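Chemist: Handing you a structure now.
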Amino acid sequence: QVQLVESGGELVQVGGSLRLSCAASERISEHALAWWRQAPGKEREFVAVINWRCSSRDYTDSVKGRFTITRDNAKNTAFLQMDSLKPEDTGVYSCAAHRDPFGEGFDVANGQAYESWGRGTQVIVSS
């Protein structure tokens, strides 16, 4: 399994921006990479995913137009740019990887589809 380490989470004011990073321990050029989050007292939820070719991205409705997922395969890293942050964006953000070398597609909002997970980075949006 790929080891994933997230960073970039911190306390930010409403309307502010953050950029999260997810560093992989090995080559991830055949993996779809996703961001998930878990708010206090709530279940983990899918946020965004990008395929290994960077030709396809998907977002949960609540972050569309505000968050952007990107990746740099040469550096084995994924990013989540978060703008116009809201208090409801508060939570632990985790990176996940699913190996999909032939681009066959999978249920991106099903956590069990991902083979590797990071431990997460805390984001707090304060009003």
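Residues are referred to by chain and number: the chain letter is A, B, ... according to the order shown in the structure tokens, the number counts from 1 in that chain, and ligands are numbered separately from 1 in the order shown.
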Could you give me, as a ChimeraX atom specification, the residues within 8 Å of stretch 38-52 of chain A, counting only C-alpha atoms and dropping anything in the same chain fewer than 6 positions from it?

Modeler: /A:28-32,58-60,63,69-71,73,89-93,100-101,103,108-111

Chemist: Hey, what's within 7 Å of stretch 11-27 of chain A if we count only C-alpha atoms and toss same-chain stuff fewer than 3 positions away? As a ChimeraX atom specification, please?

Modeler: /A:2-8,76-87,95,123-127

Chemist: Mind giving me the straight-line distance from atom CA of A:His98 to atom CA of A:Glu115 in Å, one decimal?

Modeler: 5.6 Å

Chemist: Per DSSP on the backbone, filter chain A down to the residues in strand (DSSP E) and report them as number ranges by chain.

Modeler: A: 4-7, 11-13, 18-24, 31-38, 45-50, 57-59, 67-72, 77-82, 91-99, 116-117, 121-126

Chemist: Between A:Phe67, A:Glu88, A:Ser94, A:Glu104, single out the one closest to A:Gln122, counting only C-alpha atoms.

Modeler: A:Ser94

Chemist: Closest to A:Asp107 among A:Gly9, A:Asp72, A:Cys54, A:Ala34, using only C-alpha atoms?

Modeler: A:Ala34
